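Text of structure-v1.txt (compact mmCIF, C-alpha atoms and all ligand atoms) as supplied:
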# COMPACT_ATOMS: atom_id res chain seq x y z
CA MET A 8 -32.24 -40.97 40.15
CA GLN A 9 -30.35 -42.89 37.52
CA THR A 10 -27.54 -44.32 39.60
CA GLN A 11 -25.75 -45.80 36.61
CA LEU A 12 -24.66 -42.27 35.75
CA TYR A 13 -22.47 -42.32 38.85
CA THR A 14 -20.16 -44.65 40.62
CA PHE A 15 -19.86 -44.43 44.37
CA ASN A 16 -16.38 -43.53 45.50
CA GLU A 17 -16.04 -45.43 48.78
CA LYS A 18 -12.88 -43.69 49.86
CA ARG A 19 -14.12 -40.17 49.39
CA LYS A 20 -17.79 -40.96 50.05
CA ARG A 21 -18.94 -39.22 46.93
CA LEU A 22 -20.64 -39.89 43.63
CA ASP A 23 -18.23 -39.78 40.71
CA PRO A 24 -20.02 -39.03 37.43
CA THR A 25 -19.57 -41.57 34.65
CA TYR A 26 -21.07 -39.26 32.01
CA THR A 27 -18.45 -36.85 30.73
CA LEU A 28 -20.12 -34.05 28.76
CA CYS A 29 -18.92 -30.86 30.42
CA GLN A 30 -21.95 -29.23 32.07
CA PHE A 31 -20.38 -25.79 31.98
CA CYS A 32 -19.70 -25.36 28.24
CA LEU A 33 -21.81 -28.30 26.97
CA LYS A 34 -19.20 -28.76 24.24
CA ASP A 35 -16.10 -30.49 25.52
CA PHE A 36 -15.73 -33.56 27.66
CA SER A 37 -14.23 -34.23 31.02
CA THR A 38 -11.07 -36.32 30.72
CA GLU A 39 -10.02 -36.60 34.35
CA MET A 40 -12.06 -37.09 37.51
CA SER A 41 -9.99 -34.41 39.23
CA ASP A 42 -11.14 -31.80 36.68
CA ASN A 43 -14.78 -32.34 37.59
CA HIS A 44 -16.48 -29.94 39.95
CA PHE A 45 -17.73 -31.52 43.17
CA THR A 46 -20.46 -29.99 45.24
CA ASN A 47 -22.45 -31.04 48.28
CA ILE A 48 -26.13 -31.77 48.04
CA TYR A 49 -28.37 -31.98 51.08
CA ASN A 50 -31.59 -33.67 51.91
CA GLU A 51 -34.09 -31.42 53.65
CA LYS A 52 -36.95 -33.78 54.38
CA ASP A 53 -35.28 -36.86 55.75
CA ARG A 54 -37.89 -39.35 54.48
CA THR A 55 -38.50 -40.85 51.09
CA ASN A 56 -35.83 -39.39 48.90
CA ILE A 57 -32.65 -40.29 50.67
CA VAL A 58 -30.04 -41.77 48.37
CA VAL A 59 -29.50 -45.33 49.46
CA TYR A 60 -26.29 -46.82 48.27
CA ARG A 61 -25.32 -50.27 49.45
CA SER A 62 -27.66 -49.85 52.41
CA VAL A 63 -25.94 -46.68 53.54
CA LYS A 64 -28.28 -43.72 53.74
CA PHE A 65 -27.09 -40.26 52.91
CA GLN A 66 -28.55 -36.94 53.86
CA LYS A 67 -25.52 -35.07 52.67
CA LEU A 68 -23.60 -36.24 49.68
CA MET A 69 -20.82 -34.97 47.51
CA ILE A 70 -21.64 -35.26 43.87
CA GLY A 71 -19.56 -34.59 40.78
CA ILE A 72 -20.44 -32.43 37.79
CA PRO A 73 -18.43 -33.20 34.64
CA ARG A 74 -16.10 -30.38 33.69
CA CYS A 75 -13.53 -30.12 30.90
CA LYS A 76 -9.99 -28.85 31.35
CA ASN A 77 -10.72 -25.53 29.68
CA CYS A 78 -13.69 -24.76 31.93
CA LYS A 79 -11.68 -25.72 34.99
CA LYS A 80 -9.03 -23.21 33.96
CA ILE A 81 -11.59 -20.46 33.30
CA HIS A 82 -13.21 -21.11 36.69
CA HIS A 83 -9.85 -20.97 38.41
CA ASN A 84 -8.81 -17.72 36.72
CA SER A 85 -12.16 -16.02 37.17
CA ALA A 86 -12.03 -16.82 40.89
CA ILE A 87 -8.63 -15.12 41.18
CA TYR A 88 -9.73 -12.05 39.19
CA GLY A 89 -13.03 -11.93 41.06
CA TRP A 90 -11.32 -11.80 44.46
CA LEU A 91 -8.75 -9.28 43.23
CA ILE A 92 -11.42 -6.92 41.90
CA GLY A 93 -13.45 -7.42 45.07
CA PHE A 94 -10.43 -6.41 47.13
CA VAL A 95 -9.66 -3.34 45.01
CA LEU A 96 -13.29 -2.19 45.19
CA ALA A 97 -13.35 -2.78 48.94
CA VAL A 98 -10.25 -0.60 49.35
CA GLY A 99 -11.99 2.00 47.19
CA VAL A 100 -14.95 2.00 49.58
CA VAL A 101 -12.59 2.67 52.50
CA LEU A 102 -10.96 5.56 50.59
CA LEU A 103 -14.39 7.00 49.77
CA ALA A 104 -15.43 6.73 53.42
CA ASN A 105 -12.23 8.54 54.37
CA TYR A 106 -13.00 11.27 51.83
CA PHE A 107 -16.56 11.88 53.00
CA PHE A 108 -16.23 11.28 56.76
CA LYS A 109 -12.72 12.40 57.49
CA TYR A 110 -13.71 14.39 60.57
CA GLN A 111 -16.52 12.11 61.75
CA PHE A 112 -14.67 9.23 63.27
CA GLY A 113 -17.76 7.14 64.06
CA TYR A 114 -19.09 7.31 60.50
CA LEU A 115 -15.63 6.77 59.09
CA MET A 116 -15.12 3.58 61.03
CA PHE A 117 -18.64 2.33 60.40
CA PHE A 118 -18.57 2.86 56.62
CA SER A 119 -14.99 1.66 56.35
CA ILE A 120 -15.50 -1.61 58.16
CA VAL A 121 -19.04 -2.46 57.02
CA GLY A 122 -18.35 -1.16 53.49
CA PHE A 123 -15.14 -3.12 53.15
CA ILE A 124 -16.61 -6.40 54.35
CA ALA A 125 -19.82 -6.05 52.32
CA THR A 126 -17.99 -5.09 49.13
CA PHE A 127 -15.40 -7.81 49.54
CA LEU A 128 -18.07 -10.46 50.09
CA LEU A 129 -20.54 -9.30 47.45
CA THR A 130 -18.44 -8.38 44.43
CA PRO A 131 -16.33 -11.52 43.74
CA PRO A 132 -19.32 -13.79 42.97
CA ILE A 133 -20.68 -11.17 40.57
CA PHE A 134 -17.40 -10.90 38.69
CA VAL A 135 -16.86 -14.65 38.72
CA THR A 136 -20.20 -14.99 36.93
CA ILE A 137 -19.37 -12.16 34.49
CA PHE A 138 -15.97 -13.65 33.60
CA SER A 139 -17.42 -17.09 33.00
CA ALA A 140 -20.25 -15.64 30.91
CA ARG A 141 -17.76 -13.71 28.78
CA GLN A 142 -16.00 -17.00 28.01
CA GLY A 143 -19.32 -18.52 27.07
CA ILE A 144 -19.56 -20.98 29.97
CA PHE A 145 -21.65 -21.30 33.11
CA SER A 146 -20.03 -20.15 36.32
CA ILE A 147 -19.13 -22.51 39.12
CA MET A 148 -22.23 -21.28 40.98
CA ASP A 149 -24.67 -21.59 38.06
CA GLY A 150 -23.40 -24.79 36.45
CA PRO A 151 -24.44 -27.32 39.12
CA GLU A 152 -28.15 -26.51 39.11
CA ARG A 153 -28.25 -26.72 35.31
CA ASP A 154 -26.89 -30.25 35.28
CA PRO A 155 -29.89 -32.48 34.39
CA GLN A 156 -28.82 -35.10 36.95
CA ILE A 157 -28.62 -32.51 39.72
CA GLN A 158 -31.95 -31.04 38.59
CA GLU A 159 -33.50 -34.46 38.99
CA LEU A 160 -32.23 -34.64 42.56
CA LEU A 161 -33.45 -31.12 43.29
CA HIS A 162 -36.91 -32.13 42.09
CA GLN A 163 -36.77 -35.04 44.53
CA GLY A 164 -36.29 -32.67 47.42
CA TRP A 165 -32.53 -32.33 47.57
CA THR A 166 -30.94 -28.92 47.84
CA LEU A 167 -27.58 -27.37 47.04
CA ASN A 168 -27.65 -25.30 50.23
CA PRO A 169 -27.33 -26.70 53.73
CA PRO A 170 -30.80 -26.97 55.33
CA SER A 171 -31.37 -24.22 57.86
CA ALA A 172 -31.77 -25.41 61.42
ZN ZN B 1 -16.29 -27.22 29.50
Just give me the structure as structure tokens.
Ligand SMILES: [Zn+2]
Amino acid sequence: MQTQLYTFNEKRKRLDPTYTLCQFCLKDFSTEMSDNHFTNIYNEKDRTNIVVYRSVKFQKLMIGIPRCKNCKKIHHNSAIYGWLIGFVLAVGVVLLANYFFKYQFGYLMFFSIVGFIATFLLTPPIFVTIFSARQGIFSIMDGPERDPQIQELLHQGWTLNPPSA
């Protein structure tokens, strides 16, 4: 890992990127640290590839991905629209369940509750990705693993998901 691309933020225990090319549009540049997207990375195999910074070892680390103001705004808006659409669709599933299983209370409750939760959890990420793609940028889920610095860490055995117990 090329540590000169980051500075360690002692207070927040995270790596602040010093490179500024926005990794979501690959066009603009990050102008403020608070616009960058921060994500946790985890070390699965607690041996050779732990990031050592000033003799502190990390198995979980917050790391920044440069993001421009415009991409931050698009991510913010697409999250709101994504959740709104997810909610509307989830209500639609409940109405459909009511239409088909009006007189079968067990089915009605089952499809209402399971359908609502599943729809509400599954649809927002899909729409978040669609909205970002329509604006020509990577979504907040896809951007991190495309960052060359993050890719380097992933090759060294780090992961963007918490290791399963
Ligand atoms: Zn951008």
Shell around range 73-88 of chain A at 6 Å using only C-alpha atoms, local window under 3 positions removed, as a PDB file with C-alpha atoms, in the coordinates of the input:
ATOM      1  CA  THR A  27     -18.450 -36.850  30.730  1.00  0.00           C
ATOM      2  CA  CYS A  29     -18.920 -30.860  30.420  1.00  0.00           C
ATOM      3  CA  GLN A  30     -21.950 -29.230  32.070  1.00  0.00           C
ATOM      4  CA  ASP A  35     -16.100 -30.490  25.520  1.00  0.00           C
ATOM      5  CA  PHE A  36     -15.730 -33.560  27.660  1.00  0.00           C
ATOM      6  CA  SER A  37     -14.230 -34.230  31.020  1.00  0.00           C
ATOM      7  CA  ASP A  42     -11.140 -31.800  36.680  1.00  0.00           C
ATOM      8  CA  ASN A  43     -14.780 -32.340  37.590  1.00  0.00           C
ATOM      9  CA  LEU A  91      -8.750  -9.280  43.230  1.00  0.00           C
ATOM     10  CA  VAL A 135     -16.860 -14.650  38.720  1.00  0.00           C
ATOM     11  CA  PHE A 138     -15.970 -13.650  33.600  1.00  0.00           C
TER      12      PHE A 138
END
Please identify all polymer residues within 12 Å of range 102-109 of chain A, counting only C-alpha atoms, omitting same-chain residues fewer than 4 positions from it, and present them as a VMD selection string. chain A and resid 95 to 98 113 to 123
Please, what distance in Å, to one decimal, runs between CA of Lys67 in chain A and CA of Leu33 in chain A? 26.8 Å
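In this comparison, which uses only C-alpha atoms, the residue of A:Val101, A:Ile157, A:Phe31, A:Lys20 approaching Phe145 in chain A most closely is A:Phe31.
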My list of candidates is A:Ile144, A:Tyr13, A:Arg21, A:Phe134. Which is closest to Phe45 in chain A when distances are computed with all atoms listed in the file?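 Once distances to Phe45 in chain A are computed over all atoms listed in the file, the minimum belongs to A:Arg21.
Closest to ligand ZN 1 (chain B) among A:Asn47, A:Gln158, A:Ser139, A:Gln163 is A:Ser139, based on all atoms listed in the file.
Shortest separation to ligand ZN 1 (chain B) among A:Pro132, A:Pro24, A:Gly89, A:Gly150 occurs at residue A:Gly150, atoms counted being all atoms listed in the file.
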Step by step: start from the point (-26.2, -34.6, 58.5) in the file's coordinates, keep every protein, DNA or RNA residue that has an atom no farther than 9 Å from it, count all atoms listed in the file, and write the set as a list in words.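 Protein, DNA and RNA residues close to (-26.2, -34.6, 58.5): Tyr49, Asn50, Phe65, Gln66 and Lys67 of chain A.
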Hey, which of A:Val100, A:Ile147, A:Leu22, A:Met69 ends up closest to ligand ZN 1 (chain B)? Count only C-alpha atoms and all ligand atoms.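 Of A:Val100, A:Ile147, A:Leu22, A:Met69, the one nearest ligand ZN 1 (chain B), counting only C-alpha atoms and all ligand atoms, is A:Ile147.
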When you draw a straight line from CA of Thr130 in chain A to CA of Trp90 in chain A, how long is it in Å?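 Answer for the CA of Thr130 in chain A to CA of Trp90 in chain A separation: 7.9 Å.
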Atom ZN of ligand ZN 1 (chain B) to CA of Asp149 in chain A, straight-line distance in Å: 13.2 Å
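Restricting the calculation to all atoms listed in the file, the smallest distance between ligand ZN 1 (chain B) and any of A:Phe127, A:Ile70, A:Thr46, A:Thr38 is found for A:Thr38.
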Identify, on the basis of only C-alpha atoms, every residue whose closest approach to Leu161 in chain A does not exceed 10 Å; exclude the query and any residue fewer than 4 positions from it along the same chain; express the result as a PyMOL selection string. chain A and resi 48-50+152+155-157+165-167
